[in-house]
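Asks: So here's input-v9.txt (compact mmCIF, C-alpha atoms and all ligand atoms).
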# COMPACT_ATOMS: atom_id res chain seq x y z
CA MET A 11 16.07 -144.49 -66.93
CA ASN A 12 16.37 -147.88 -68.59
CA ASP A 13 12.64 -148.35 -69.17
CA ARG A 14 12.29 -145.09 -71.02
CA LEU A 15 15.45 -145.66 -72.99
CA MET A 16 14.33 -149.19 -73.85
CA VAL A 17 10.97 -147.92 -75.14
CA ALA A 18 12.73 -145.30 -77.23
CA ALA A 19 15.28 -147.83 -78.50
CA ALA A 20 12.60 -149.42 -80.70
CA GLY A 21 13.15 -146.77 -83.39
CA PRO A 22 16.19 -146.60 -85.65
CA GLY A 23 18.69 -143.78 -85.00
CA ARG A 24 18.47 -140.58 -86.99
CA SER A 25 20.08 -137.22 -86.38
CA MET A 26 18.36 -133.85 -86.20
CA GLU A 27 20.36 -132.82 -89.26
CA ASP A 28 18.91 -135.83 -91.10
CA ALA A 29 15.43 -134.87 -89.98
CA GLN A 30 15.87 -131.27 -91.06
CA SER A 31 17.33 -132.13 -94.46
CA ALA A 32 14.61 -134.74 -94.98
CA SER A 33 12.06 -132.09 -94.08
CA GLN A 34 13.56 -129.83 -96.76
CA ASP A 35 13.65 -132.68 -99.28
CA ASP A 36 10.08 -133.73 -98.62
CA GLY A 37 8.74 -130.22 -99.06
CA ALA A 38 5.43 -128.91 -97.75
CA GLY A 39 2.50 -131.16 -97.14
CA GLN A 40 4.38 -134.46 -97.34
CA SER A 41 4.41 -135.49 -93.72
CA ARG A 42 5.90 -138.59 -92.19
CA THR A 43 6.84 -139.87 -88.78
CA ARG A 44 10.36 -139.02 -87.75
CA SER A 45 12.52 -141.64 -86.16
CA LEU A 46 14.62 -140.84 -83.14
CA SER A 47 18.38 -140.49 -82.81
CA VAL A 48 20.43 -141.87 -79.90
CA ALA A 49 20.80 -138.28 -78.60
CA ASP A 50 16.99 -137.80 -78.78
CA ARG A 51 16.43 -140.90 -76.62
CA ILE A 52 18.99 -139.95 -73.97
CA ARG A 53 17.80 -136.31 -73.95
CA SER A 54 14.23 -137.44 -73.37
CA ALA A 55 15.25 -139.58 -70.40
CA ILE A 56 17.13 -136.63 -68.87
CA LEU A 57 14.45 -133.98 -69.46
CA SER A 58 11.66 -136.20 -68.16
CA GLY A 59 13.59 -136.70 -64.92
CA ASP A 60 14.14 -140.45 -65.45
CA VAL A 61 17.85 -139.77 -65.00
CA ALA A 62 18.46 -137.67 -61.88
CA PRO A 63 20.63 -134.53 -61.79
CA GLY A 64 24.17 -135.54 -60.85
CA GLU A 65 23.73 -139.12 -62.12
CA ARG A 66 26.57 -140.42 -64.27
CA LEU A 67 25.95 -141.72 -67.79
CA ARG A 68 28.23 -144.60 -68.77
CA GLU A 69 28.98 -145.42 -72.39
CA VAL A 70 29.05 -149.18 -71.90
CA GLN A 71 25.74 -149.32 -70.03
CA LEU A 72 24.01 -147.03 -72.55
CA SER A 73 25.42 -149.07 -75.41
CA VAL A 74 23.85 -152.24 -74.00
CA THR A 75 20.53 -150.55 -73.09
CA LEU A 76 20.06 -148.89 -76.47
CA GLY A 77 21.51 -151.75 -78.51
CA VAL A 78 23.99 -149.59 -80.44
CA SER A 79 27.80 -149.42 -80.50
CA ARG A 80 29.76 -147.04 -78.27
CA THR A 81 30.64 -144.66 -81.13
CA PRO A 82 27.12 -143.13 -81.55
CA ILE A 83 26.75 -143.10 -77.73
CA ARG A 84 29.99 -141.12 -77.40
CA SER A 85 28.92 -138.54 -80.03
CA ALA A 86 25.45 -138.27 -78.45
CA LEU A 87 26.99 -137.57 -75.02
CA GLN A 88 29.28 -134.93 -76.52
CA ALA A 89 26.30 -133.31 -78.30
CA LEU A 90 24.21 -133.30 -75.11
CA ALA A 91 27.11 -131.76 -73.17
CA SER A 92 27.36 -128.99 -75.78
CA GLU A 93 23.60 -128.37 -75.34
CA GLY A 94 24.26 -127.88 -71.62
CA LEU A 95 22.44 -131.01 -70.44
CA LEU A 96 25.56 -132.83 -69.21
CA ASP A 97 28.70 -131.86 -67.33
CA TYR A 98 31.99 -133.53 -68.25
CA ALA A 99 34.82 -134.13 -65.80
CA PRO A 100 38.09 -135.96 -66.57
CA ASN A 101 38.19 -139.41 -64.93
CA ARG A 102 34.49 -139.15 -64.04
CA GLY A 103 32.95 -138.82 -67.49
CA TYR A 104 29.50 -137.35 -68.13
CA ALA A 105 26.92 -136.52 -65.45
CA VAL A 106 23.47 -134.91 -65.71
CA ARG A 107 23.62 -131.18 -64.97
CA SER A 108 21.20 -129.66 -62.44
CA PHE A 109 19.47 -126.27 -62.65
CA GLN A 110 17.71 -124.05 -60.12
CA THR A 111 14.06 -123.33 -60.94
CA ALA A 112 14.73 -119.57 -60.85
CA GLU A 113 17.53 -120.06 -63.39
CA ILE A 114 15.13 -121.87 -65.75
CA VAL A 115 12.43 -119.19 -65.36
CA ASP A 116 14.97 -116.44 -66.12
CA ALA A 117 16.17 -118.29 -69.21
CA TYR A 118 12.58 -118.45 -70.49
CA GLU A 119 12.03 -114.76 -69.76
CA ILE A 120 15.10 -113.76 -71.77
CA ARG A 121 14.39 -116.31 -74.50
CA ALA A 122 10.82 -115.00 -74.94
CA MET A 123 12.25 -111.53 -75.73
CA MET A 124 14.92 -112.87 -78.08
CA GLU A 125 12.58 -115.26 -79.91
CA ALA A 126 10.01 -112.49 -80.34
CA LEU A 127 12.69 -110.33 -81.93
CA ALA A 128 13.68 -113.21 -84.24
CA ALA A 129 10.03 -113.60 -85.37
CA ARG A 130 9.84 -109.85 -86.00
CA PHE A 131 13.03 -109.87 -88.06
CA ALA A 132 11.81 -112.95 -89.99
CA ALA A 133 8.55 -111.14 -90.85
CA GLU A 134 10.40 -107.95 -91.83
CA ARG A 135 13.08 -109.72 -93.86
CA GLY A 136 10.97 -112.54 -95.34
CA LEU A 137 11.51 -116.30 -95.53
CA SER A 138 13.73 -118.03 -98.07
CA ASP A 139 12.15 -120.87 -100.09
CA ALA A 140 14.21 -123.42 -98.11
CA GLY A 141 13.24 -121.83 -94.77
CA GLY A 142 9.57 -121.83 -95.75
CA ARG A 143 9.79 -125.53 -96.67
CA VAL A 144 11.32 -126.44 -93.29
CA ILE A 145 8.57 -124.55 -91.42
CA GLU A 146 5.78 -126.04 -93.54
CA GLY A 147 7.31 -129.51 -93.07
CA ALA A 148 7.37 -128.98 -89.27
CA LEU A 149 3.75 -127.78 -89.27
CA ALA A 150 2.59 -130.72 -91.41
CA ASP A 151 4.52 -133.25 -89.30
CA GLY A 152 3.00 -131.78 -86.13
CA ASP A 153 -0.52 -131.88 -87.63
CA LEU A 154 -0.03 -135.54 -88.49
CA LEU A 155 1.33 -136.47 -85.06
CA LEU A 156 -1.40 -134.61 -83.16
CA ALA A 157 -4.18 -136.03 -85.34
CA LYS A 158 -3.83 -139.22 -83.26
CA GLY A 159 -5.48 -137.38 -80.35
CA SER A 160 -2.97 -138.52 -77.71
CA LEU A 161 0.79 -138.61 -77.20
CA ARG A 162 3.01 -141.50 -76.16
CA ASP A 163 6.46 -140.81 -74.68
CA GLU A 164 8.18 -141.32 -78.03
CA ASP A 165 5.65 -138.95 -79.70
CA ARG A 166 6.70 -136.23 -77.26
CA VAL A 167 10.33 -136.75 -78.21
CA THR A 168 9.36 -136.61 -81.89
CA TYR A 169 7.40 -133.41 -81.31
CA GLY A 170 10.46 -131.97 -79.53
CA ALA A 171 12.42 -132.42 -82.79
CA ILE A 172 9.57 -130.88 -84.83
CA ASN A 173 9.43 -127.92 -82.44
CA PHE A 174 13.19 -127.47 -82.71
CA ALA A 175 13.00 -127.45 -86.54
CA PHE A 176 10.23 -124.81 -86.48
CA HIS A 177 12.04 -122.42 -84.13
CA ASP A 178 15.46 -123.00 -85.69
CA ALA A 179 14.11 -122.05 -89.14
CA ILE A 180 12.76 -118.78 -87.70
CA HIS A 181 16.13 -118.03 -86.05
CA SER A 182 17.81 -118.55 -89.43
CA ALA A 183 15.21 -116.37 -91.18
CA ALA A 184 16.02 -113.53 -88.74
CA ARG A 185 19.48 -113.36 -90.39
CA CYS A 186 21.12 -111.98 -87.24
CA ARG A 187 24.14 -113.86 -85.93
CA MET A 188 24.22 -112.05 -82.58
CA LEU A 189 20.57 -112.86 -81.91
CA GLY A 190 21.14 -116.53 -82.81
CA GLU A 191 24.03 -116.70 -80.34
CA MET A 192 21.95 -115.13 -77.57
CA ILE A 193 19.12 -117.61 -78.11
CA ARG A 194 21.63 -120.49 -78.04
CA LEU A 195 22.96 -119.14 -74.75
CA CYS A 196 19.44 -119.16 -73.22
CA GLN A 197 18.99 -122.74 -74.38
CA SER A 198 22.14 -123.82 -72.57
CA VAL A 199 19.81 -123.87 -69.54
CA ALA A 200 18.62 -127.17 -70.91
CA PRO A 201 15.07 -127.42 -69.48
CA SER A 202 14.24 -124.27 -71.49
CA SER A 203 15.35 -125.95 -74.73
CA HIS A 204 12.91 -126.20 -77.64
CA ARG A 205 13.27 -129.95 -77.40
CA ASN A 206 11.88 -130.08 -73.89
CA ILE A 207 8.22 -130.92 -74.28
CA VAL A 208 8.48 -134.28 -72.55
CA ALA A 209 6.45 -133.28 -69.50
CA PHE A 210 3.59 -131.57 -71.35
CA GLU A 211 0.05 -132.87 -71.72
CA PHE A 212 -1.55 -133.39 -75.15
CA ASP A 213 -3.66 -130.21 -74.88
CA ASP A 214 -0.53 -128.14 -74.10
CA VAL A 215 1.24 -129.44 -77.17
CA ARG A 216 -1.90 -128.98 -79.33
CA ARG A 217 -2.12 -125.33 -78.21
CA ARG A 218 1.59 -124.69 -78.87
CA HIS A 219 1.27 -126.22 -82.31
CA ASP A 220 -1.69 -123.96 -83.12
CA ASP A 221 0.54 -121.05 -82.03
CA HIS A 222 3.11 -122.20 -84.60
CA HIS A 223 0.49 -121.99 -87.38
CA ARG A 224 -0.50 -118.46 -86.30
CA ILE A 225 3.13 -117.31 -86.04
CA TYR A 226 3.88 -118.67 -89.51
CA ASP A 227 0.79 -116.94 -90.95
CA ALA A 228 1.92 -113.62 -89.43
CA ILE A 229 5.45 -114.05 -90.86
CA LEU A 230 4.04 -114.90 -94.31
CA ALA A 231 1.79 -111.82 -94.13
CA ARG A 232 4.91 -109.76 -93.21
CA ASP A 233 3.01 -108.61 -90.11
CA SER A 234 6.07 -108.09 -87.90
CA TYR A 235 4.18 -106.70 -84.89
CA ARG A 236 1.80 -109.68 -84.72
CA ALA A 237 4.63 -112.18 -85.28
CA GLU A 238 6.59 -110.61 -82.41
CA ILE A 239 3.66 -110.57 -79.96
CA LEU A 240 2.55 -114.10 -80.81
CA MET A 241 6.06 -115.52 -80.40
CA ARG A 242 6.60 -113.77 -77.08
CA GLU A 243 3.34 -115.15 -75.74
CA HIS A 244 4.17 -118.60 -77.16
CA VAL A 245 7.52 -118.93 -75.37
CA ALA A 246 6.17 -117.39 -72.15
CA SER A 247 3.25 -119.84 -72.07
CA VAL A 248 5.64 -122.78 -72.52
CA ARG A 249 7.48 -121.53 -69.45
CA SER A 250 4.24 -121.42 -67.50
CA SER A 251 3.41 -125.04 -68.47
CA LEU A 252 6.89 -126.21 -67.59
CA VAL A 253 6.88 -124.55 -64.18
CA LYS A 254 3.45 -126.03 -63.38
CA SER A 255 4.67 -129.45 -64.47
CA MET A 256 7.83 -129.12 -62.36
CA LEU A 257 5.83 -128.08 -59.30
CA LYS A 258 3.46 -131.01 -59.83
CA ARG A 259 6.32 -133.47 -60.16
CA GLY A 260 8.14 -131.95 -57.18
CA VAL A 261 11.14 -131.17 -59.40
CA ALA A 262 11.06 -127.44 -58.58
CA SER A 263 13.11 -126.47 -55.55
CA ALA A 264 11.11 -125.47 -52.47
CA VAL A 265 13.04 -122.21 -52.09
CA SER A 266 11.99 -121.13 -55.58
CA VAL A 267 8.34 -122.18 -55.42
CA SER A 268 6.91 -118.92 -54.17
CA PRO A 269 8.46 -116.50 -56.70
CA VAL A 270 7.79 -118.99 -59.47
CA ARG A 271 4.10 -119.16 -58.56
CA VAL A 272 3.91 -115.37 -58.52
CA ALA A 273 5.60 -115.20 -61.92
CA SER A 274 3.37 -117.96 -63.25
CA GLU A 275 0.16 -116.26 -62.05
CA ARG A 276 1.29 -112.90 -63.45
CA LEU A 277 2.00 -114.61 -66.75
CA SER A 278 -1.41 -116.33 -66.83
CA ALA A 279 -3.15 -113.00 -66.23
CA ALA A 280 -1.15 -111.38 -69.04
CA SER A 281 -1.90 -114.35 -71.27
CA GLU A 282 -5.65 -114.10 -70.63
CA ALA A 283 -5.57 -110.37 -71.37
CA PHE A 284 -3.70 -111.07 -74.60
CA HIS A 285 -6.12 -113.77 -75.75
CA GLY A 286 -9.00 -111.43 -74.88
CA CYS A 287 -7.53 -108.91 -77.38
CA GLU A 288 -6.93 -111.65 -79.89
CA LYS A 289 -10.53 -112.91 -79.75
CA SER A 290 -11.86 -109.45 -80.56
CA ALA A 291 -9.57 -109.17 -83.59
CA PRO A 292 -10.99 -109.95 -87.04
CA PRO A 293 -10.42 -113.60 -88.13
ZN ZN A 301 7.18 -123.70 -80.23
As structure tokens, how would this structure be written, given the file I've shared?
Ligand SMILES: [Zn+2]
Replies:
Amino acid sequence: MNDRLMVAAAGPGRSMEDAQSASQDDGAGQSRTRSLSVADRIRSAILSGDVAPGERLREVQLSVTLGVSRTPIRSALQALASEGLLDYAPNRGYAVRSFQTAEIVDAYEIRAMMEALAARFAAERGLSDAGGRVIEGALADGDLLLAKGSLRDEDRVTYGAINFAFHDAIHSAARCRMLGEMIRLCQSVAPSSHRNIVAFEFDDVRRRHDDHHRIYDAILARDSYRAEILMREHVASVRSSLVKSMLKRGVASAVSVSPVRVASERLSAASEAFHGCEKSAPP
């Protein structure tokens, strides 16, 4: 845990809200590297498995490791608990929450449906100027980051924040409070959060980012059917990458391996069929 947190500690703290408002202020096309907040650094260590499920996180130790006072550590731990990454118990404090693989796969399945609906609503209802600026900022930031041709650990964390900004702007554009709440509920199974890209290879992230461009184009064109299909495939393919990564790292539970593989293979077949259709479509 400490190594990863120490690497991440090199950047100054900055909240997601800061990043999102900066993205709005900067407008489209003016990309820059985002710095990482205390919560980003701790989240990355948890999602990458550097901190084991059940392990306690202590304010004093984190304060020393990250070189910041206990106040931002305390708020980061509260924020991560509200995301569903940590459990809190009186007298024990915060500990990393654990999830069954099947629970994570289900959360992705449900989220793929909900996110697809959000993309459809966004295409039907149109983007606000502010929403469009956030999305274009996220696309430009991702282009800049991926232009390097490889990803370091801190780049993955940065891309997690970019990914969050992209999806969050689409949820807002859907203008449906109930849908937003359902998506938030799915993300309480933390490994299925938009911020979890820590385990993915460069090519995975490159492909997902290209998806973002296509989804945005479909929303701009008010093509609700295409926006819905592309988003569903996008979220489902992230699930497939995550499950493969978990199996590779031995994080997935043995009991769940078989059904997960079946689901993963079924998903890959569906994905290939989809891309086959897409290739035959006009450019
Ligand atoms: Zn995405």
Asks: Sorted by chain and rising residue number, list the residues of chain A at most 8 Å from ligand ZN 301 (chain A) (counting all atoms listed in the file), each with its closest atom pair and distance in Å to one decimal, as a tab-separated table.
Replies:
residue	atom	partner	partner_atom	distance
A:Asn173	CA	A:ZN301	ZN	5.3
A:Phe174	CA	A:ZN301	ZN	7.5
A:Phe176	CA	A:ZN301	ZN	7.0
A:His177	CA	A:ZN301	ZN	6.4
A:His204	CA	A:ZN301	ZN	6.8
A:Arg218	CA	A:ZN301	ZN	5.8
A:His219	CA	A:ZN301	ZN	6.8
A:Asp221	CA	A:ZN301	ZN	7.4
A:His222	CA	A:ZN301	ZN	6.2
A:His244	CA	A:ZN301	ZN	6.7
A:Val245	CA	A:ZN301	ZN	6.8
A:Val248	CA	A:ZN301	ZN	7.9
Asks: Mind dumping the selected residues with C-alpha atoms as an mmCIF file, in the frame of the given file?
Replies:
data_model
loop_
_atom_site.group_PDB
_atom_site.id
_atom_site.type_symbol
_atom_site.label_atom_id
_atom_site.label_comp_id
_atom_site.auth_asym_id
_atom_site.auth_seq_id
_atom_site.Cartn_x
_atom_site.Cartn_y
_atom_site.Cartn_z
ATOM 1 C CA ASN A 173 9.430 -127.920 -82.440
ATOM 2 C CA PHE A 174 13.190 -127.470 -82.710
ATOM 3 C CA PHE A 176 10.230 -124.810 -86.480
ATOM 4 C CA HIS A 177 12.040 -122.420 -84.130
ATOM 5 C CA HIS A 204 12.910 -126.200 -77.640
ATOM 6 C CA ARG A 218 1.590 -124.690 -78.870
ATOM 7 C CA HIS A 219 1.270 -126.220 -82.310
ATOM 8 C CA ASP A 221 0.540 -121.050 -82.030
ATOM 9 C CA HIS A 222 3.110 -122.200 -84.600
ATOM 10 C CA HIS A 244 4.170 -118.600 -77.160
ATOM 11 C CA VAL A 245 7.520 -118.930 -75.370
ATOM 12 C CA VAL A 248 5.640 -122.780 -72.520
#
Asks: Nearest to Ala91 in chain A among A:Gly141, A:Gly170, A:Gly136, A:Gly103, with distances taken over all atoms listed in the file: which residue is it?
Replies: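 Of A:Gly141, A:Gly170, A:Gly136, A:Gly103, the one nearest Ala91 in chain A, counting all atoms listed in the file, is A:Gly103.
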Asks: If we count all atoms listed in the file, what is near range 236-239 of chain A at a cut-off of 10 Å, once residues fewer than 6 positions away on the same chain are taken out, given as an NGL selection string?
Replies: :A and (122-134 or 224-230 or 284)
Asks: Give me, as a PyMOL selection string, all polymer residues having an atom no more than 6 Å from Tyr104 in chain A, counting only C-alpha atoms and skipping those fewer than 3 positions away in the same chain.
Replies: chain A and resi 66-67+97-98
Asks: Which one of A:Arg143, A:Lys254, A:His181, A:Leu96 sits closest to Pro63 in chain A if you count only C-alpha atoms?
Replies: A:Leu96
Asks: Ranking A:Gly159, A:Gly147, A:Gly152, A:Gly64 by minimum distance to Arg107 in chain A and counting all atoms listed in the file, which one comes first?
Replies: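 Ranking A:Gly159, A:Gly147, A:Gly152, A:Gly64 by distance to Arg107 in chain A, first place goes to A:Gly64.
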Asks: Which residues, written as a list in words, have at least one atom at most 10 Å from Ile83 in chain A, with all atoms listed in the file counted and residues fewer than 3 positions away on the same chain left out?
Replies: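 Those residues are Val48, Ala49, Ile52, Arg68, Glu69, Val70, Gln71, Leu72, Ser73, Leu76, Val78, Ser79, Arg80, Ala86, Leu87, Gln88 and Ala89 of chain A.
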Asks: Keeping only C-alpha atoms, write the selected residues as a compact mmCIF listing (two decimals), in the frame of the given file.
Replies:
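In the end it all went to again-v8.txt:
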# COMPACT_ATOMS: atom_id res chain seq x y z
CA VAL A 48 20.43 -141.87 -79.90
CA ALA A 49 20.80 -138.28 -78.60
CA ILE A 52 18.99 -139.95 -73.97
CA ARG A 68 28.23 -144.60 -68.77
CA GLU A 69 28.98 -145.42 -72.39
CA VAL A 70 29.05 -149.18 -71.90
CA GLN A 71 25.74 -149.32 -70.03
CA LEU A 72 24.01 -147.03 -72.55
CA SER A 73 25.42 -149.07 -75.41
CA LEU A 76 20.06 -148.89 -76.47
CA VAL A 78 23.99 -149.59 -80.44
CA SER A 79 27.80 -149.42 -80.50
CA ARG A 80 29.76 -147.04 -78.27
CA ALA A 86 25.45 -138.27 -78.45
CA LEU A 87 26.99 -137.57 -75.02
CA GLN A 88 29.28 -134.93 -76.52
CA ALA A 89 26.30 -133.31 -78.30
Asks: Please return the centre and edge lengths, in Å to one decimal, of a box with edges along x, y and z that contains all listed atoms of range 108-121 of chain A, widened by 8 Å on every side, as AutoDock Vina command-line options.
Replies:
--center_x 16.6 --center_y -121.7 --center_z -67.3 --size_x 25.2 --size_y 31.9 --size_z 30.4
Asks: With distances taken over only C-alpha atoms, which residue among A:Ile145, A:Thr168, A:Ala140, A:Ala62 lies nearest Ala105 in chain A?
Replies: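 Of A:Ile145, A:Thr168, A:Ala140, A:Ala62, the one nearest Ala105 in chain A is A:Ala62, counting only C-alpha atoms.
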Asks: In terms of the shortest atom-to-atom distance over only C-alpha atoms, which of A:Phe210, A:Ile193, A:Leu57, A:Glu65 is closest to Ser250 in chain A?
Replies: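 Among the listed residues, A:Phe210 lies closest to Ser250 in chain A.
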Asks: Work out how far apart CA of Gly77 in chain A and CA of Arg162 in chain A are and give it in Å to one decimal.
Replies: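 Pair CA of Gly77 in chain A / CA of Arg162 in chain A returns 21.3 Å.
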Asks: Return the single residue from A:Ala246, A:Leu156, A:Ala117, A:Val144 that is closest to Phe212 in chain A, with distances computed using only C-alpha atoms.
Replies: A:Leu156
Asks: To one decimal place in Å, what is the distance between CA of Ser85 in chain A and CA of Ser47 in chain A?
Replies: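 Between these atoms lies a distance of 11.1 Å.
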Asks: Measure the distance from CA of Ala183 in chain A to CA of Arg232 in chain A in Å and round it to one decimal.
Replies: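 Going from CA of Ala183 in chain A over to CA of Arg232 in chain A, I get 12.4 Å.
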